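Novice: Just input24.txt, nothing more (compact mmCIF, C-alpha atoms and all ligand atoms):
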# COMPACT_ATOMS: atom_id res chain seq x y z
CA MET Q 711 26.33 -9.67 -10.08
CA ARG Q 712 23.40 -11.53 -11.55
CA ALA Q 713 20.95 -9.62 -13.71
CA VAL Q 714 18.03 -10.10 -16.12
CA VAL Q 715 19.11 -9.12 -19.63
CA TYR Q 716 17.27 -8.72 -22.92
CA ALA Q 717 18.58 -11.56 -25.14
CA ASP Q 718 16.34 -11.57 -28.22
CA VAL Q 719 12.71 -11.00 -29.18
CA ARG Q 720 10.60 -12.64 -26.44
CA THR Q 721 13.69 -13.97 -24.67
CA VAL Q 722 15.30 -12.72 -21.47
CA ALA Q 723 18.23 -14.44 -19.78
CA VAL Q 724 19.70 -14.36 -16.30
CA ARG Q 725 23.41 -13.65 -16.65
CA GLU Q 726 26.49 -12.78 -14.63
CA VAL Q 727 27.40 -9.16 -15.56
CA PRO Q 728 29.99 -6.73 -14.13
CA ASP Q 729 28.93 -5.40 -10.73
CA ALA Q 730 27.30 -1.99 -10.60
CA THR Q 731 29.65 0.39 -8.77
CA VAL Q 732 29.84 3.96 -7.51
CA GLU Q 733 31.13 5.83 -10.57
CA ALA Q 734 30.65 9.48 -9.56
CA PRO Q 735 30.91 11.18 -6.15
CA THR Q 736 27.15 11.83 -6.24
CA ASP Q 737 26.21 8.14 -6.82
CA ALA Q 738 24.83 5.53 -4.45
CA LEU Q 739 25.06 1.80 -4.88
CA VAL Q 740 21.85 0.05 -3.86
CA ARG Q 741 21.41 -3.65 -3.09
CA ILE Q 742 18.03 -4.57 -4.59
CA THR Q 743 15.52 -6.45 -2.42
CA SER Q 744 12.51 -6.19 -4.78
CA THR Q 745 12.26 -5.26 -8.46
CA ALA Q 746 9.07 -5.42 -10.52
CA LEU Q 747 8.27 -6.32 -14.14
CA CYS Q 748 6.28 -3.67 -16.02
CA GLY Q 749 4.21 -3.40 -19.20
CA THR Q 750 6.94 -1.03 -20.39
CA ASP Q 751 9.44 -3.93 -20.24
CA LEU Q 752 7.08 -5.87 -22.52
CA HIS Q 753 7.40 -3.29 -25.30
CA MET Q 754 11.12 -4.18 -25.37
CA TYR Q 755 10.51 -7.89 -24.77
CA ASP Q 756 8.22 -7.96 -27.81
CA GLY Q 757 10.99 -6.40 -29.92
CA ARG Q 758 9.07 -3.17 -30.51
CA THR Q 759 11.51 -0.59 -29.16
CA GLY Q 760 15.01 -1.62 -30.23
CA ALA Q 761 16.71 -2.88 -27.08
CA ASP Q 762 20.26 -4.12 -27.65
CA PRO Q 763 20.91 -7.71 -26.57
CA GLY Q 764 22.62 -7.66 -23.18
CA LEU Q 765 20.69 -4.63 -21.90
CA VAL Q 766 20.02 -5.12 -18.17
CA LEU Q 767 16.25 -4.63 -17.82
CA GLY Q 768 14.14 -3.16 -15.03
CA HIS Q 769 13.18 0.24 -13.67
CA GLU Q 770 11.18 -0.48 -10.51
CA PRO Q 771 13.68 -0.91 -7.64
CA LEU Q 772 13.41 -1.12 -3.87
CA GLY Q 773 16.48 -1.89 -1.82
CA VAL Q 774 19.05 -0.92 0.78
CA VAL Q 775 21.90 1.54 0.23
CA GLN Q 776 25.21 -0.32 0.29
CA GLU Q 777 27.70 2.43 -0.50
CA VAL Q 778 27.66 6.18 -1.28
CA GLY Q 779 30.03 8.50 -3.16
CA SER Q 780 31.98 11.21 -1.33
CA ALA Q 781 29.58 14.03 -2.32
CA VAL Q 782 26.36 12.33 -1.17
CA GLN Q 783 25.00 14.27 1.78
CA THR Q 784 21.66 12.84 2.93
CA VAL Q 785 21.73 9.14 2.06
CA ARG Q 786 23.65 6.67 4.21
CA PRO Q 787 24.54 2.98 3.87
CA GLY Q 788 21.88 0.79 5.49
CA THR Q 789 18.95 3.07 4.53
CA ARG Q 790 15.98 1.33 2.90
CA VAL Q 791 15.09 3.26 -0.26
CA VAL Q 792 12.77 3.21 -3.25
CA ILE Q 793 14.19 4.60 -6.51
CA PRO Q 794 11.91 6.44 -8.98
CA THR Q 795 11.97 5.04 -12.53
CA HIS Q 796 12.87 8.31 -14.23
CA LEU Q 797 16.22 9.32 -12.81
CA PHE Q 798 16.94 13.01 -12.65
CA CYS Q 799 19.55 15.55 -11.54
CA GLY Q 800 17.38 17.49 -9.07
CA THR Q 801 18.77 20.90 -10.01
CA CYS Q 802 18.06 21.71 -13.70
CA VAL Q 803 15.23 24.05 -14.66
CA MET Q 804 12.77 21.15 -15.22
CA CYS Q 805 13.69 19.35 -11.99
CA ALA Q 806 13.35 22.63 -10.10
CA ARG Q 807 9.74 22.77 -11.33
CA GLY Q 808 9.07 19.21 -10.21
CA LEU Q 809 9.13 17.87 -13.78
CA SER Q 810 11.69 15.16 -13.06
CA ALA Q 811 10.75 12.91 -16.02
CA ALA Q 812 11.86 15.78 -18.29
CA CYS Q 813 15.23 16.33 -16.56
CA LEU Q 814 17.60 18.09 -18.96
CA ARG Q 815 20.84 16.66 -17.57
CA ALA Q 816 20.16 12.94 -17.20
CA ARG Q 817 20.33 12.13 -20.92
CA ALA Q 818 22.47 13.88 -23.52
CA GLU Q 819 20.05 13.35 -26.45
CA GLY Q 820 16.90 14.86 -24.94
CA PRO Q 821 14.72 15.34 -21.87
CA GLY Q 822 14.17 12.51 -19.40
CA ALA Q 823 15.97 9.26 -18.61
CA ALA Q 824 15.17 5.89 -17.08
CA TYR Q 825 16.93 2.75 -15.89
CA GLY Q 826 17.12 -0.26 -18.19
CA TYR Q 827 15.18 1.17 -21.09
CA ALA Q 828 16.18 1.41 -24.76
CA GLY Q 829 16.56 5.02 -25.85
CA MET Q 830 16.28 6.41 -22.32
CA GLY Q 831 19.96 6.86 -21.54
CA PRO Q 832 22.99 4.71 -20.67
CA TYR Q 833 21.70 3.49 -17.32
CA ARG Q 834 21.65 -0.21 -16.55
CA GLY Q 835 18.45 -1.68 -15.21
CA ALA Q 836 17.23 -2.71 -11.80
CA GLN Q 837 16.35 -6.37 -12.34
CA ALA Q 838 19.72 -7.16 -10.84
CA GLU Q 839 21.42 -7.64 -7.48
CA LEU Q 840 22.92 -4.14 -7.48
CA LEU Q 841 21.95 -0.77 -9.01
CA ARG Q 842 24.01 2.35 -9.52
CA VAL Q 843 21.84 5.37 -8.63
CA PRO Q 844 23.14 8.71 -9.95
CA TRP Q 845 22.40 11.94 -8.02
CA ALA Q 846 21.63 9.82 -4.98
CA ASP Q 847 20.41 12.67 -2.77
CA ALA Q 848 17.59 13.36 -5.23
CA ASN Q 849 16.84 9.81 -6.39
CA CYS Q 850 16.91 7.74 -3.18
CA VAL Q 851 13.62 8.08 -1.30
CA PRO Q 852 13.80 6.59 2.21
CA VAL Q 853 11.04 4.26 3.34
CA PRO Q 854 10.57 2.89 6.85
CA GLY Q 855 10.75 -0.70 8.08
CA GLU Q 856 12.93 -3.66 7.16
CA PRO Q 857 13.43 -5.52 3.87
CA GLY Q 858 10.88 -8.28 3.45
CA ASP Q 859 8.34 -6.76 5.85
CA ALA Q 860 4.60 -6.45 5.13
CA TYR Q 861 5.17 -3.27 3.06
CA GLU Q 862 7.73 -4.74 0.63
CA ASP Q 863 5.19 -5.01 -2.24
CA ASP Q 864 3.57 -1.65 -1.45
CA PHE Q 865 6.91 0.15 -1.44
CA VAL Q 866 8.27 -1.42 -4.65
CA LEU Q 867 5.19 -0.08 -6.47
CA LEU Q 868 6.20 3.45 -5.44
CA ALA Q 869 9.03 3.25 -8.01
CA ASP Q 870 6.65 3.34 -10.98
CA ALA Q 871 3.26 1.63 -11.06
CA PHE Q 872 1.55 3.49 -8.19
CA VAL Q 873 3.08 6.88 -8.99
CA THR Q 874 2.10 6.41 -12.66
CA GLY Q 875 -1.46 5.42 -11.72
CA TRP Q 876 -1.66 8.46 -9.46
CA HIS Q 877 -0.12 10.76 -12.10
CA ALA Q 878 -2.62 9.48 -14.67
CA ALA Q 879 -5.58 10.03 -12.37
CA ALA Q 880 -4.54 13.21 -10.57
CA THR Q 881 -2.53 15.15 -13.13
CA LEU Q 882 -3.21 13.79 -16.63
CA ALA Q 883 -6.95 13.17 -16.27
CA GLY Q 884 -7.45 15.56 -13.33
CA VAL Q 885 -9.76 13.32 -11.27
CA GLU Q 886 -11.46 15.15 -8.43
CA ALA Q 887 -13.97 14.08 -5.80
CA GLY Q 888 -17.34 13.29 -7.37
CA ASP Q 889 -16.06 12.59 -10.89
CA THR Q 890 -17.09 9.61 -12.99
CA VAL Q 891 -13.99 7.79 -14.28
CA ALA Q 892 -13.20 5.08 -16.83
CA VAL Q 893 -9.79 3.44 -17.09
CA PHE Q 894 -8.84 1.48 -20.21
CA GLY Q 895 -6.40 -1.31 -19.34
CA ALA Q 896 -6.41 -3.28 -16.09
CA GLY Q 897 -2.68 -3.93 -15.94
CA ALA Q 898 -0.76 -2.60 -12.95
CA VAL Q 899 -0.92 0.98 -14.23
CA GLY Q 900 -4.65 0.89 -15.02
CA LEU Q 901 -5.52 -0.85 -11.75
CA LEU Q 902 -3.53 1.64 -9.71
CA GLY Q 903 -4.97 4.49 -11.79
CA ALA Q 904 -8.42 3.23 -10.84
CA TYR Q 905 -7.30 2.79 -7.22
CA SER Q 906 -5.93 6.36 -7.20
CA ALA Q 907 -9.19 7.70 -8.65
CA LEU Q 908 -11.08 5.96 -5.85
CA LEU Q 909 -8.67 7.37 -3.24
CA ARG Q 910 -9.35 10.81 -4.73
CA GLY Q 911 -13.08 10.39 -4.19
CA ALA Q 912 -14.37 9.46 -7.65
CA ARG Q 913 -18.10 8.68 -7.71
CA VAL Q 914 -17.68 5.56 -9.80
CA VAL Q 915 -14.67 4.03 -11.57
CA TYR Q 916 -14.97 1.63 -14.52
CA CYS Q 917 -12.05 -0.52 -15.59
CA VAL Q 918 -12.03 -1.93 -19.15
CA ASP Q 919 -9.99 -4.99 -20.17
CA GLY Q 920 -10.38 -8.38 -21.83
CA VAL Q 921 -8.45 -10.67 -19.47
CA ASP Q 922 -10.33 -12.49 -16.70
CA ALA Q 923 -7.71 -12.23 -13.95
CA ARG Q 924 -7.34 -8.51 -14.55
CA LEU Q 925 -11.07 -7.85 -14.59
CA ASP Q 926 -11.38 -9.80 -11.32
CA LYS Q 927 -8.64 -7.69 -9.75
CA ALA Q 928 -10.41 -4.50 -10.90
CA GLY Q 929 -13.50 -5.66 -9.04
CA GLU Q 930 -11.41 -6.52 -5.98
CA ILE Q 931 -10.06 -2.96 -5.70
CA GLY Q 932 -13.55 -1.45 -5.93
CA ALA Q 933 -13.84 -0.61 -9.64
CA VAL Q 934 -16.62 -1.79 -11.96
CA PRO Q 935 -15.05 -4.29 -14.40
CA ILE Q 936 -16.06 -3.95 -18.07
CA ASP Q 937 -15.16 -6.89 -20.30
CA PHE Q 938 -14.62 -5.69 -23.88
CA ARG Q 939 -15.06 -9.27 -25.16
CA LEU Q 940 -18.77 -8.90 -24.30
CA GLY Q 941 -19.29 -5.90 -26.60
CA ASP Q 942 -18.49 -2.22 -27.05
CA PRO Q 943 -17.22 -1.00 -23.65
CA VAL Q 944 -18.54 2.51 -24.30
CA GLU Q 945 -22.10 1.18 -24.68
CA GLN Q 946 -21.66 -1.11 -21.65
CA ILE Q 947 -20.59 1.83 -19.48
CA ARG Q 948 -23.43 4.03 -20.77
CA ALA Q 949 -25.90 1.24 -20.02
CA ASP Q 950 -24.57 0.95 -16.48
CA ARG Q 951 -24.81 4.72 -15.99
CA ALA Q 952 -28.40 4.60 -17.26
CA ARG Q 953 -29.20 1.77 -14.82
CA ALA Q 954 -27.88 4.04 -12.07
CA GLY Q 955 -30.79 6.38 -12.94
CA LEU Q 956 -29.30 9.37 -14.70
CA PRO Q 957 -31.22 12.65 -14.45
CA LEU Q 958 -33.34 13.43 -17.53
CA GLY Q 959 -31.19 14.85 -20.31
CA GLU Q 960 -27.95 13.33 -19.10
CA GLU Q 961 -28.18 10.73 -21.81
CA LYS Q 962 -26.80 13.42 -24.13
CA LEU Q 963 -23.50 13.23 -22.27
CA GLY Q 964 -20.80 10.88 -23.54
CA GLY Q 965 -20.95 9.15 -20.20
CA ILE Q 966 -17.76 9.78 -18.24
CA ASP Q 967 -15.93 12.87 -16.94
CA ARG Q 968 -12.36 11.53 -16.82
CA VAL Q 969 -10.95 8.80 -19.04
CA ILE Q 970 -7.52 7.20 -18.57
CA ASP Q 971 -5.61 5.31 -21.28
CA ALA Q 972 -3.44 2.76 -19.44
CA VAL Q 973 -2.92 0.61 -22.53
CA GLY Q 974 -0.80 2.46 -25.12
CA PHE Q 975 0.11 1.55 -28.69
CA GLN Q 976 -0.15 -2.22 -28.19
CA ALA Q 977 -3.94 -1.90 -27.72
CA ARG Q 978 -5.99 -4.84 -28.95
CA ASP Q 979 -8.43 -4.38 -31.80
CA ARG Q 980 -11.79 -5.18 -30.20
CA GLU Q 981 -13.20 -6.45 -33.50
CA ARG Q 982 -10.22 -8.81 -33.98
CA PRO Q 983 -8.70 -9.33 -30.53
CA ASP Q 984 -5.80 -11.39 -31.91
CA GLN Q 985 -4.61 -8.17 -33.61
CA GLU Q 986 -3.47 -4.78 -32.42
CA ARG Q 987 -5.10 -1.46 -33.25
CA PRO Q 988 -3.02 1.37 -31.77
CA ASP Q 989 -5.82 3.96 -31.99
CA GLN Q 990 -8.48 1.71 -30.40
CA VAL Q 991 -8.37 3.28 -26.95
CA ILE Q 992 -8.26 6.91 -28.07
CA ALA Q 993 -11.24 6.21 -30.38
CA ASP Q 994 -13.24 4.70 -27.50
CA ALA Q 995 -12.15 7.39 -25.06
CA ALA Q 996 -13.25 10.19 -27.40
CA ARG Q 997 -16.72 8.65 -27.73
CA LEU Q 998 -17.08 8.05 -24.01
CA VAL Q 999 -15.82 11.30 -22.55
CA ASN Q 1000 -18.30 13.98 -21.50
CA PRO Q 1001 -18.28 17.50 -22.96
CA ALA Q 1002 -15.59 19.53 -21.13
CA GLY Q 1003 -14.17 16.30 -19.77
CA SER Q 1004 -10.58 15.09 -19.94
CA ILE Q 1005 -8.48 12.19 -21.17
CA GLY Q 1006 -5.17 11.23 -19.55
CA VAL Q 1007 -2.83 9.11 -21.67
CA ALA Q 1008 -0.31 7.17 -19.57
CA GLY Q 1009 0.04 4.24 -21.99
CA VAL Q 1010 3.21 4.48 -24.05
CA TYR Q 1011 3.18 5.62 -27.71
CA PRO Q 1012 6.73 5.37 -29.15
CA ASP Q 1013 8.24 7.52 -31.88
CA LYS Q 1014 9.03 4.41 -33.86
CA ASP Q 1015 7.52 0.91 -33.77
CA LEU Q 1016 10.12 -1.61 -34.97
CA HIS Q 1017 7.57 -4.35 -35.62
CA PRO Q 1018 4.34 -2.62 -36.63
CA ARG Q 1019 1.27 -4.66 -37.33
CA PRO Q 1020 0.79 -5.89 -40.94
CA GLY Q 1021 0.07 -3.02 -43.28
CA ALA Q 1022 1.31 -0.31 -40.88
CA SER Q 1023 4.60 1.59 -41.01
CA ALA Q 1024 7.23 2.10 -38.32
CA ARG Q 1025 6.31 5.76 -38.00
CA GLU Q 1026 2.60 5.47 -38.36
CA GLU Q 1027 0.78 8.66 -37.42
CA LEU Q 1028 -2.28 7.67 -35.44
CA VAL Q 1029 -5.58 9.16 -36.47
CA ALA Q 1030 -7.05 10.88 -33.43
CA PRO Q 1031 -10.73 11.92 -33.53
CA TRP Q 1032 -9.73 15.57 -33.50
CA GLY Q 1033 -13.21 16.87 -34.45
CA THR Q 1034 -14.96 14.98 -31.65
CA LEU Q 1035 -12.38 16.15 -29.12
CA PHE Q 1036 -12.71 19.75 -30.32
CA SER Q 1037 -16.48 19.85 -30.38
CA LYS Q 1038 -16.67 18.33 -26.91
CA GLY Q 1039 -13.95 20.67 -25.60
CA VAL Q 1040 -11.92 17.83 -24.18
CA ALA Q 1041 -8.54 18.31 -22.49
CA VAL Q 1042 -6.02 15.61 -23.43
CA ARG Q 1043 -2.75 15.20 -21.57
CA PHE Q 1044 0.03 12.72 -22.22
CA GLY Q 1045 3.17 11.63 -20.66
CA ARG Q 1046 5.70 10.01 -18.47
CA THR Q 1047 5.31 10.26 -14.74
CA HIS Q 1048 7.16 12.94 -12.85
CA ASP Q 1049 7.56 10.21 -10.25
CA ARG Q 1050 9.38 12.09 -7.56
CA ARG Q 1051 6.49 14.55 -7.14
CA TYR Q 1052 4.33 11.80 -5.73
CA THR Q 1053 6.71 9.29 -4.10
CA VAL Q 1054 6.59 10.78 -0.62
CA LEU Q 1055 2.84 11.50 -0.69
CA LEU Q 1056 2.06 7.93 -1.72
CA ARG Q 1057 4.62 6.44 0.68
CA ASP Q 1058 2.86 8.27 3.49
CA LEU Q 1059 -0.58 7.05 2.32
CA VAL Q 1060 0.85 3.52 2.60
CA VAL Q 1061 2.45 4.10 6.00
CA ALA Q 1062 -0.78 5.66 7.31
CA GLY Q 1063 -2.72 2.57 6.19
CA ARG Q 1064 -4.80 4.55 3.66
CA ALA Q 1065 -3.41 2.73 0.59
CA ARG Q 1066 -2.26 -0.86 -0.01
CA PRO Q 1067 -1.18 -0.88 -3.69
CA GLY Q 1068 0.61 -4.22 -3.10
CA ILE Q 1069 -2.73 -6.03 -3.47
CA ILE Q 1070 -2.20 -5.98 -7.24
CA VAL Q 1071 1.02 -8.04 -7.01
CA THR Q 1072 0.20 -11.56 -8.17
CA HIS Q 1073 3.59 -13.29 -8.47
CA HIS Q 1074 6.95 -13.38 -6.68
CA GLY Q 1075 10.17 -15.02 -7.79
CA THR Q 1076 13.95 -14.82 -7.75
CA LEU Q 1077 15.99 -13.48 -10.68
CA ALA Q 1078 16.12 -17.05 -12.00
CA ASP Q 1079 12.33 -17.05 -12.40
CA ALA Q 1080 12.42 -14.02 -14.75
CA PRO Q 1081 12.23 -15.92 -18.08
CA GLU Q 1082 9.10 -17.79 -17.01
CA LEU Q 1083 7.45 -14.75 -15.44
CA TYR Q 1084 8.14 -12.61 -18.52
CA ARG Q 1085 6.58 -15.31 -20.71
CA GLY Q 1086 3.43 -15.60 -18.58
CA PHE Q 1087 3.12 -11.80 -18.28
CA ASP Q 1088 3.52 -11.27 -22.04
CA ARG Q 1089 1.01 -13.99 -22.95
CA ARG Q 1090 -1.44 -12.86 -20.23
CA GLU Q 1091 -1.25 -16.41 -18.85
CA ASN Q 1092 -1.19 -17.86 -15.33
CA GLY Q 1093 -2.89 -14.75 -13.94
CA VAL Q 1094 0.31 -12.68 -14.06
CA ILE Q 1095 -0.61 -9.03 -13.52
CA LYS Q 1096 2.35 -7.73 -11.55
CA ALA Q 1097 5.38 -9.89 -10.85
CA VAL Q 1098 8.05 -8.91 -8.33
CA LEU Q 1099 11.54 -10.45 -8.32
CA ARG Q 1100 13.49 -10.66 -5.09
CA PRO Q 1101 17.19 -10.77 -6.01
CA SER Q 1102 18.47 -10.92 -2.43
N1 LIG Q 1201 3.52 7.20 -18.41
C1 LIG Q 1201 4.39 6.49 -17.70
O1 LIG Q 1201 5.24 7.04 -17.01
C2 LIG Q 1201 4.30 5.00 -17.69
C3 LIG Q 1201 4.84 4.27 -16.62
C4 LIG Q 1201 4.66 2.88 -16.59
C5 LIG Q 1201 4.00 2.25 -17.62
N2 LIG Q 1201 3.50 2.97 -18.67
C6 LIG Q 1201 2.75 2.34 -19.77
O2 LIG Q 1201 1.43 2.10 -19.33
C7 LIG Q 1201 0.88 1.00 -20.08
C8 LIG Q 1201 0.30 -0.03 -19.13
O3 LIG Q 1201 1.32 -0.61 -18.31
P1 LIG Q 1201 1.02 -1.96 -17.50
O4 LIG Q 1201 2.25 -2.29 -16.71
O5 LIG Q 1201 -0.26 -1.83 -16.79
O6 LIG Q 1201 0.92 -2.95 -18.76
P2 LIG Q 1201 0.14 -4.30 -19.05
O7 LIG Q 1201 0.69 -4.75 -20.35
O8 LIG Q 1201 0.20 -5.21 -17.88
O9 LIG Q 1201 -1.39 -3.86 -19.22
C9 LIG Q 1201 -2.00 -3.45 -20.41
C10 LIG Q 1201 -3.46 -3.92 -20.35
O10 LIG Q 1201 -4.20 -3.34 -21.42
C11 LIG Q 1201 -5.18 -4.28 -21.82
N3 LIG Q 1201 -5.69 -3.91 -23.15
C12 LIG Q 1201 -5.20 -4.20 -24.38
N4 LIG Q 1201 -5.97 -3.69 -25.34
C13 LIG Q 1201 -7.01 -3.07 -24.72
C14 LIG Q 1201 -8.15 -2.36 -25.19
N5 LIG Q 1201 -8.38 -2.18 -26.51
N6 LIG Q 1201 -9.02 -1.85 -24.27
C15 LIG Q 1201 -8.80 -2.02 -22.94
N7 LIG Q 1201 -7.73 -2.70 -22.44
C16 LIG Q 1201 -6.85 -3.20 -23.32
C17 LIG Q 1201 -4.43 -5.60 -21.76
O11 LIG Q 1201 -5.31 -6.71 -21.72
C18 LIG Q 1201 -3.62 -5.43 -20.47
O12 LIG Q 1201 -4.32 -5.93 -19.34
C19 LIG Q 1201 2.04 0.48 -20.96
O13 LIG Q 1201 1.97 1.09 -22.25
C20 LIG Q 1201 3.26 0.99 -20.23
O14 LIG Q 1201 4.38 1.10 -21.08
C21 LIG Q 1201 3.64 4.32 -18.71
ZN ZN Q 1202 7.36 0.34 -15.01
ZN ZN Q 1203 17.28 17.74 -13.90
Represent the structure of the file as structure tokens.

Specialist:
Amino acid sequence: MRAVVYADVRTVAVREVPDATVEAPTDALVRITSTALCGTDLHMYDGRTGADPGLVLGHEPLGVVQEVGSAVQTVRPGTRVVIPTHLFCGTCVMCARGLSAACLRARAEGPGAAYGYAGMGPYRGAQAELLRVPWADANCVPVPGEPGDAYEDDFVLLADAFVTGWHAAATLAGVEAGDTVAVFGAGAVGLLGAYSALLRGARVVYCVDGVDARLDKAGEIGAVPIDFRLGDPVEQIRADRARAGLPLGEEKLGGIDRVIDAVGFQARDRERPDQERPDQVIADAARLVNPAGSIGVAGVYPDKDLHPRPGASAREELVAPWGTLFSKGVAVRFGRTHDRRYTVLLRDLVVAGRARPGIIVTHHGTLADAPELYRGFDRRENGVIKAVLRPS
């Protein structure tokens, strides 16, 4: 089969690799119709997280079941399915509690596993023609319709980007109707976090970034774009809240009830945007958040950064504004998405016409287009926000 593999720092290649097959009786083999690129892939692409050359990339698959193992009970060949990024057994104590991204059986070295990701288990990725899906009854989520129909982009985003945006808004930041929300990062995760906050009834949602195409998209989905190149985003948001006519005394608030970090450790330093400053977003979020508010951190912070910025170490401990967070009484939650909790809910929002996450997809290609799409995505060029490959 053909697949997108990590070749070297900032190089992916499209190669012929051995076909994925059914290896265990509980596996399914899925023929991929759509498979998305993600900011998480960029951490590997940039050489930050130790991917071995030859690793098949990708963790956002939509496709059709081609074959199932003898013990698979509910999934049949021909079924259109979306596959959550974090694969899981479905029966361990964490899975039983709905905490699928912390499954205890999917990876020998620790909790949680994912397709095509360095350090997340032995599973090959989904930017390929075929994908082996372990524990198929748990991991294959049926979706209606036919491959290539009007929902193809909406459904592929159920694998990761939309469920992560929803997890960030609903569970990590705890957005409820009437809240004020600010999302840092207008990549796919930030945009769909903002979109989820709006679906949940937020009063106003700000979206902070420094890339034109992404700020435009934030406006398109109904958020208020905040361009950090124009000045401190915290002050810009406070000024906008003040223009909205805050009640007397509210100026003592930080500004925002729920803040989402959809950037992670590769955050740009706002003072020197050609450089990174991994604690930039947490510093801004702590200033902006209201007393008794919350911060949800969906952006990735790795244990070890293989190419830290000049002057920093591989295991740099970030300085969090602990005192500010304590005195404001802020709740901070981190983490990977327990995807499977939300897949069916969000699928049904799509099917009911209440959500169209596919509006954030900007580019389509075949597997052969992967090198060029990765380059544009990484450099924030050509308006690439979310690219979807269609292998078959
Ligand atoms: N928790 C999870 O389960 C999960 C799942 C998917 C992705 N992620 C992570 O979420 C993050 C976002 O993913 P994505 O696909 O949207 O990535 P992306 O790279 O497309 O988007 C990141 C955005 O952050 C912006 N940014 C950089 N510095 C900033 C700053 N100081 N302030 C505001 N914005 C800034 C960039 O311009 C970019 O638009 C990544 O770290 C990714 O690994 C986590
Ligand atoms: Zn992803
Ligand atoms: Zn499990």

Novice: Find the residues near ligand LIG 1201 (chain Q). Use a cut-off of 8 Å, count only C-alpha atoms and all ligand atoms, and write them as a PyMOL selection string.

Specialist: chain Q and resi 747-753+870-871+874+878+894-901+918-921+924+938+971-980+986-987+990-991+1007-1011+1044-1049+1087-1088+1090+1095-1096

Novice: In Å, how far is it from CA of Val785 (chain Q) to CA of Arg712 (chain Q)?

Specialist: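 Computed distance, CA of Val785 (chain Q) to CA of Arg712 (chain Q), equals 24.8 Å.
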
Novice: So that each row is one residue of chain Q with an atom at most 8 Å from ligand ZN 1203 (chain Q), can you give its shortest atom pair and the distance in Å to one decimal, using only C-alpha atoms and all ligand atoms, rows by chain and rising number, as a Markdown table?

Specialist:
| residue | atom | partner | partner_atom | distance |
| --- | --- | --- | --- | --- |
| Q:Phe798 | CA | Q:ZN1203 | ZN | 4.9 |
| Q:Cys799 | CA | Q:ZN1203 | ZN | 3.9 |
| Q:Gly800 | CA | Q:ZN1203 | ZN | 4.8 |
| Q:Thr801 | CA | Q:ZN1203 | ZN | 5.2 |
| Q:Cys802 | CA | Q:ZN1203 | ZN | 4.1 |
| Q:Val803 | CA | Q:ZN1203 | ZN | 6.7 |
| Q:Met804 | CA | Q:ZN1203 | ZN | 5.8 |
| Q:Cys805 | CA | Q:ZN1203 | ZN | 4.4 |
| Q:Ala806 | CA | Q:ZN1203 | ZN | 7.3 |
| Q:Ser810 | CA | Q:ZN1203 | ZN | 6.2 |
| Q:Ala812 | CA | Q:ZN1203 | ZN | 7.2 |
| Q:Cys813 | CA | Q:ZN1203 | ZN | 3.6 |
| Q:Leu814 | CA | Q:ZN1203 | ZN | 5.1 |
| Q:Arg815 | CA | Q:ZN1203 | ZN | 5.2 |
| Q:Ala816 | CA | Q:ZN1203 | ZN | 6.5 |

Novice: Write the residues of the preceding selection, restricted to C-alpha atoms, as a short mmCIF file (atom, residue, chain, number, x, y, z; two decimals), keeping the file's coordinate frame.

Specialist:
data_model
loop_
_atom_site.label_atom_id
_atom_site.label_comp_id
_atom_site.auth_asym_id
_atom_site.auth_seq_id
_atom_site.Cartn_x
_atom_site.Cartn_y
_atom_site.Cartn_z
CA PHE Q 798 16.94 13.01 -12.65
CA CYS Q 799 19.55 15.55 -11.54
CA GLY Q 800 17.38 17.49 -9.07
CA THR Q 801 18.77 20.90 -10.01
CA CYS Q 802 18.06 21.71 -13.70
CA VAL Q 803 15.23 24.05 -14.66
CA MET Q 804 12.77 21.15 -15.22
CA CYS Q 805 13.69 19.35 -11.99
CA ALA Q 806 13.35 22.63 -10.10
CA SER Q 810 11.69 15.16 -13.06
CA ALA Q 812 11.86 15.78 -18.29
CA CYS Q 813 15.23 16.33 -16.56
CA LEU Q 814 17.60 18.09 -18.96
CA ARG Q 815 20.84 16.66 -17.57
CA ALA Q 816 20.16 12.94 -17.20
#

Novice: Identify, on the basis of only C-alpha atoms, every residue whose closest approach to region 998-1001 of chain Q does not exceed 7 Å; exclude the query and any residue fewer than 2 positions from it along the same chain; express the result as a ChimeraX atom specification.

Specialist: /Q:944,963-969,994-996,1003-1004,1038-1040

Novice: Taking into account only C-alpha atoms, which residue in the set Q:Leu1028, Q:Ala823, Q:Leu765, Q:Ala1041 is nearest to Gly1006 (chain Q)?

Specialist: Q:Ala1041

Novice: Just want the 12 Å neighbourhood of region 1052-1065 of chain Q, counted on only C-alpha atoms, with same-chain residues fewer than 2 positions away dropped. Output as a ChimeraX atom specification.

Specialist: /Q:791-796,808-810,848-855,860-878,880-881,902,905-910,931,1047-1050,1067-1070
